[in-house]
2 protein chains.
Amino acid sequence: MSRFILALDRAIDSDTLKELSRHLHGVKIGIPLILDIGVDGVEDLLSCCRWGEVIFDLKLADVSSTMVATVSRIRDMADSVIAHAFIGVAGALDGLKLYLDDHGINLYLVAAMSNPGWNADLYYGLLREIISHIDPYGLVVGATYPRYIGLARRDFPDKVIISPGIGVQGANPGDAVCSGATYEIVGRSIYQSRDPVESLKSMIDQQNRKIRNCSSGVSDLS
Amino acid sequence: MSRFILALDRAIDSDTLKELSRHLHGVKIGIPLILDIGVDGVEDLLSCCRWGEVIFDLKLADVSSTMVATVSRIRDMADSVIAHAFIGVAGALDGLKLYLDDHGINLYLVAAMSNPGWNADLYYGLLREIISHIDPYGLVVGATYPRYIGLARRDFPDKVIISPGIGVQGANPGDAVCSGATYEIVGRSIYQSRDPVESLKSMIDQQNRKIRNCSSGVSDLS
């Protein structure tokens with residue numbers, strides 16, 4: 001086990017996935033993988049392993065009816081789904097949250113993406129209000145914006161914070177956890193590696209070293 | 001022909017779709033339909049008919065690499081795709097736009113959603129700058145925000161503007177075109193109707209009546 005979630009945007013062989021799963025908290029399923037192998041293919045792929053958490057990352061950002069129609073197609077597989085906070089409450093996140101609560105699925109809201117063009121300084125205050133209103137299970141905050149991981153941890157002390165942007169996108173293993181994230185999301189560094197299992201183990205070592213050395217503020221595991 | 005685009009979030013029989021297509025500018029494919037019948041199923045469904053425009057509405061809102069990986073799976077079918085402007089330029093829309101330009105696919109950016117919780121007053125100025133920078137083919141502006149259709153038409157006189165929110169969401173046929181939209185998007189009012197073809201014809205009549213009576217500002221068809 002580690003504080004890593006694997007972002008899976010393409011299929012990998014089930015033996016490798018099984019070995020990886022032993023060292024992961026969970027798996028995050030992206031749209032490209034669903035387009036490749038379909039909903040049934042994803043179900044087959046996931047059945048290889050025991051997962052602490054299966055997150056469907058469709059980056060939901062639409063009106064309620066469309067988001068509910070989307071989630072209804074994958075609800076039996078999903079522990080959690082990710083939606084954007086910026087779409088607002090009425091006619092969007094309100095209906096989605098009701099549906100997810102009814103079906104026992106956790107909602108993560110994106111508080112900050114990981115790309116450099118994300119206007120974190122401008123957006124954070126706006127999105128914080130929407131997040132407070134919806135009261136999701138967790139937040140997504142890019143590892144490339146450590147300051148906002150810290151702010152999100154301060155503003156939402158009880159939320160699970162997951163953080164993409166480790167590896168190819170520039171942040172190092174452990175950086176986000178030391179800033180206040182609960183889990184770090186890693187994708188291409190693993191599934192594009194020649195030896196995914198070794199790459200993951202090496203990243204876990206780095207993550208553990210970093211966490212041991214960060215002064216404080218490491219959040220408890222949920 | 002009309003100024004309608006059909007939003008298809010679930011499959012309908014191909015005879016009905018063929019009859020509808022004769023009265024439509026184009027079709028917009030949503031995520032729920034793709035999850036239902038897969039990418040190949042969507043290709044089969046679309047092959048029934050000749051379309052002025054096939055728009056894939058995945059509401060893309062992710063980092064460049066994920067959006068490009070997503071679009072690469074449907075690029076042979078898509079004339080156009082829709083992405084959110086909110087995500088910003090660097091590491092998101094920049095990479096997507098390059099890829100789409102390389103493959104001759106049009107990009108629409110969401111300037112305003114149609115749900116009541118969308119903070120149009122706050123967002124429009126922010127998104128206008130991102131839209132100007134990316135210079136997309138077109139914009140999406142909710143029919144429920146006619147003021148912002150007008151502003152978008154004024155600020156981006158040469159862009160195709162498509163407008164969801166007609167029918168179930170509250171706007172009437174022709175309202176958005178009279179405010180400056182090029183096409184109106186209709187979904188549930190048609191595909192949930194007992195007689196989709198009759199419902200569409202009735203909406204086209206309403207749209208035409210409204211357009212004849214609106215004083216000016218009706219945009220040319222592209």
# chains A, B, ... in the order shown; residues from 1 in each chain; ligands from 1
>>> interface_residues(of="chain B", to="chain A", cutoff="6 Å", atoms="only C-alpha atoms", output="list of chain:residue names")
B:Pro32, B:Gly38, B:Ala69, B:Thr70, B:Ile87, B:Gly88, B:Val89, B:Ala90, B:Gly91, B:Asn115, B:Pro116, B:Gly117, B:Trp118
>>> residues_around(residues="Asp79 of chain B", least_positions_apart="4", cutoff="10 Å", atoms="only C-alpha atoms", output="ChimeraX atom specification")
/B:51-56,74-75,100,103-107
>>> write_last_selection(atoms="C-alpha atoms", output="PDB file, in the first residue's frame")
ATOM      1  CA  TRP B  51     -25.244  15.257 -41.465  1.00  0.00           C
ATOM      2  CA  GLY B  52     -24.317  18.873 -41.958  1.00  0.00           C
ATOM      3  CA  GLU B  53     -22.199  18.585 -38.811  1.00  0.00           C
ATOM      4  CA  VAL B  54     -21.391  15.865 -36.287  1.00  0.00           C
ATOM      5  CA  ILE B  55     -20.405  17.367 -32.948  1.00  0.00           C
ATOM      6  CA  PHE B  56     -18.914  15.256 -30.167  1.00  0.00           C
ATOM      7  CA  ILE B  74     -13.392   9.598 -32.144  1.00  0.00           C
ATOM      8  CA  ARG B  75     -11.604  11.836 -34.630  1.00  0.00           C
ATOM      9  CA  LEU B 100      -7.607  19.600 -33.727  1.00  0.00           C
ATOM     10  CA  HIS B 103      -6.724  16.905 -37.959  1.00  0.00           C
ATOM     11  CA  GLY B 104      -9.200  19.362 -39.444  1.00  0.00           C
ATOM     12  CA  ILE B 105     -11.625  19.187 -36.532  1.00  0.00           C
ATOM     13  CA  ASN B 106     -13.524  22.266 -35.337  1.00  0.00           C
ATOM     14  CA  LEU B 107     -13.407  23.372 -31.720  1.00  0.00           C
TER      15      LEU B 107
END
>>> residues_around(residues="Leu45 of chain B", least_positions_apart="6", cutoff="10 Å", atoms="only C-alpha atoms", output="PyMOL selection string")
chain B and resi 11-14+17-18+37+39
>>> residues_around(residues="Gly187 of chain A", least_positions_apart="4", cutoff="10 Å", atoms="only C-alpha atoms", output="JSON, numbers by chain")
{"A": [4, 5, 6, 7, 8, 9, 10, 27, 28, 164, 165, 166, 167, 168, 169, 191, 192, 193]}
>>> atom_distance(atom1="atom CA of Ser179 of chain B", atom2="atom CA of Arg147 of chain B")
7.5 Å
>>> residues_around(residues="Pro136 of chain A", least_positions_apart="4", cutoff="7 Å", atoms="only C-alpha atoms", output="list in words")
Leu107, Tyr108, Leu109 and Ile131 of chain A
>>> write_last_selection(atoms="N, CA, C and O atoms", output="PDB file, in the first residue's frame")
ATOM      1  N   LEU A 107     -18.427  11.846  -4.264  1.00  0.00           N
ATOM      2  CA  LEU A 107     -18.163  12.909  -5.240  1.00  0.00           C
ATOM      3  C   LEU A 107     -16.876  13.650  -4.873  1.00  0.00           C
ATOM      4  O   LEU A 107     -16.701  14.100  -3.729  1.00  0.00           O
ATOM      5  N   TYR A 108     -15.976  13.751  -5.841  1.00  0.00           N
ATOM      6  CA  TYR A 108     -14.832  14.672  -5.739  1.00  0.00           C
ATOM      7  C   TYR A 108     -15.115  15.879  -6.617  1.00  0.00           C
ATOM      8  O   TYR A 108     -15.587  15.726  -7.752  1.00  0.00           O
ATOM      9  N   LEU A 109     -14.801  17.055  -6.133  1.00  0.00           N
ATOM     10  CA  LEU A 109     -14.891  18.269  -6.950  1.00  0.00           C
ATOM     11  C   LEU A 109     -13.496  18.812  -7.233  1.00  0.00           C
ATOM     12  O   LEU A 109     -12.638  18.833  -6.343  1.00  0.00           O
ATOM     13  N   ILE A 131     -17.868  24.562  -3.425  1.00  0.00           N
ATOM     14  CA  ILE A 131     -17.489  23.337  -2.703  1.00  0.00           C
ATOM     15  C   ILE A 131     -18.149  23.320  -1.322  1.00  0.00           C
ATOM     16  O   ILE A 131     -18.698  22.296  -0.897  1.00  0.00           O
TER      17      ILE A 131
END
>>> residues_around(residues="Asp15 of chain B", least_positions_apart="6", cutoff="10 Å", atoms="only C-alpha atoms", output="PyMOL selection string")
chain B and resi 21+48-49
>>> write_last_selection(atoms="C-alpha atoms", output="PDB file, in the first residue's frame")
ATOM      1  CA  SER B  21     -31.861  14.245 -40.002  1.00  0.00           C
ATOM      2  CA  CYS B  48     -27.828   6.113 -41.293  1.00  0.00           C
ATOM      3  CA  CYS B  49     -27.824   9.695 -42.456  1.00  0.00           C
TER       4      CYS B  49
END
>>> select_by_dssp(residues="segment 22-168 of chain B", states="alpha helix (DSSP H)", output="VMD selection string")
chain B and resid 31 to 46 64 to 72 94 to 102 120 to 134 146 to 155
>>> atom_distance(atom1="atom CA of Val140 of chain A", atom2="atom CA of Asp102 of chain A")
22.2 Å
>>> atom_distance(atom1="atom CA of Ile149 of chain B", atom2="atom CA of Thr182 of chain B")
10.0 Å
>>> residues_around(residues="Ile162 of chain B", least_positions_apart="6", cutoff="8 Å", atoms="only C-alpha atoms", output="PyMOL selection string")
chain B and resi 138-141+181-185
>>> write_last_selection(atoms="all heavy atoms", output="tab-separated table (two decimals), in the first residue's frame")
chain	number	residue	atom	x	y	z
B	138	GLY	N	-16.12	27.98	-32.92
B	138	GLY	CA	-17.43	28.42	-32.45
B	138	GLY	C	-17.51	28.46	-30.93
B	138	GLY	O	-16.56	28.11	-30.22
B	139	LEU	N	-18.67	28.89	-30.46
B	139	LEU	CA	-18.93	29.02	-29.03
B	139	LEU	C	-20.22	28.31	-28.66
B	139	LEU	O	-21.13	28.19	-29.49
B	139	LEU	CB	-19.07	30.50	-28.65
B	139	LEU	CG	-17.91	31.42	-29.02
B	139	LEU	CD1	-18.24	32.86	-28.68
B	139	LEU	CD2	-16.64	30.97	-28.30
B	140	VAL	N	-20.29	27.87	-27.42
B	140	VAL	CA	-21.53	27.34	-26.86
B	140	VAL	C	-22.01	28.35	-25.82
B	140	VAL	O	-21.26	28.69	-24.90
B	140	VAL	CB	-21.31	25.97	-26.18
B	140	VAL	CG1	-22.63	25.44	-25.62
B	140	VAL	CG2	-20.68	24.98	-27.15
B	141	VAL	N	-23.24	28.84	-25.99
B	141	VAL	CA	-23.82	29.78	-25.03
B	141	VAL	C	-25.25	29.35	-24.75
B	141	VAL	O	-26.07	29.23	-25.67
B	141	VAL	CB	-23.82	31.24	-25.55
B	141	VAL	CG1	-24.24	32.20	-24.44
B	141	VAL	CG2	-22.46	31.65	-26.11
B	181	ALA	N	-27.57	33.60	-31.78
B	181	ALA	CA	-27.02	32.25	-31.99
B	181	ALA	C	-27.20	31.83	-33.44
B	181	ALA	O	-28.12	32.29	-34.13
B	181	ALA	CB	-27.71	31.24	-31.07
B	182	THR	N	-26.32	30.94	-33.89
B	182	THR	CA	-26.42	30.41	-35.25
B	182	THR	C	-27.36	29.20	-35.28
B	182	THR	O	-28.20	29.07	-36.18
B	182	THR	CB	-25.02	29.98	-35.76
B	182	THR	OG1	-24.05	30.93	-35.33
B	182	THR	CG2	-25.02	29.88	-37.28
B	183	TYR	N	-27.19	28.31	-34.32
B	183	TYR	CA	-28.01	27.10	-34.24
B	183	TYR	C	-28.50	26.89	-32.80
B	183	TYR	O	-27.82	27.29	-31.85
B	183	TYR	CB	-27.21	25.86	-34.67
B	183	TYR	CG	-26.74	25.91	-36.10
B	183	TYR	CD1	-25.40	26.15	-36.40
B	183	TYR	CD2	-27.62	25.72	-37.16
B	183	TYR	CE1	-24.96	26.20	-37.71
B	183	TYR	CE2	-27.19	25.78	-38.48
B	183	TYR	CZ	-25.85	26.02	-38.74
B	183	TYR	OH	-25.42	26.09	-40.04
B	184	GLU	N	-29.65	26.24	-32.69
B	184	GLU	CA	-30.19	25.88	-31.38
B	184	GLU	C	-30.12	24.36	-31.20
B	184	GLU	O	-30.39	23.61	-32.15
B	184	GLU	CB	-31.64	26.38	-31.28
B	184	GLU	CG	-31.71	27.90	-31.36
B	184	GLU	CD	-33.13	28.46	-31.25
B	184	GLU	OE1	-34.10	27.70	-31.43
B	184	GLU	OE2	-33.24	29.68	-30.98
B	185	ILE	N	-29.77	23.96	-30.00
B	185	ILE	CA	-29.62	22.53	-29.71
B	185	ILE	C	-30.83	22.05	-28.94
B	185	ILE	O	-31.20	22.63	-27.92
B	185	ILE	CB	-28.34	22.28	-28.87
B	185	ILE	CG1	-27.11	22.77	-29.63
B	185	ILE	CG2	-28.21	20.81	-28.51
B	185	ILE	CD1	-25.87	22.89	-28.76
>>> select_by_dssp(residues="segment 126-215 of chain A", states="strand (DSSP E or B)", output="ChimeraX atom specification")
/A:138-141,160-163,166,171,183-186
>>> closest_residue(among="A:Gly170, A:Pro196, A:Pro157, A:Gly125", to="Tyr145 of chain A", atoms="only C-alpha atoms")
A:Gly170
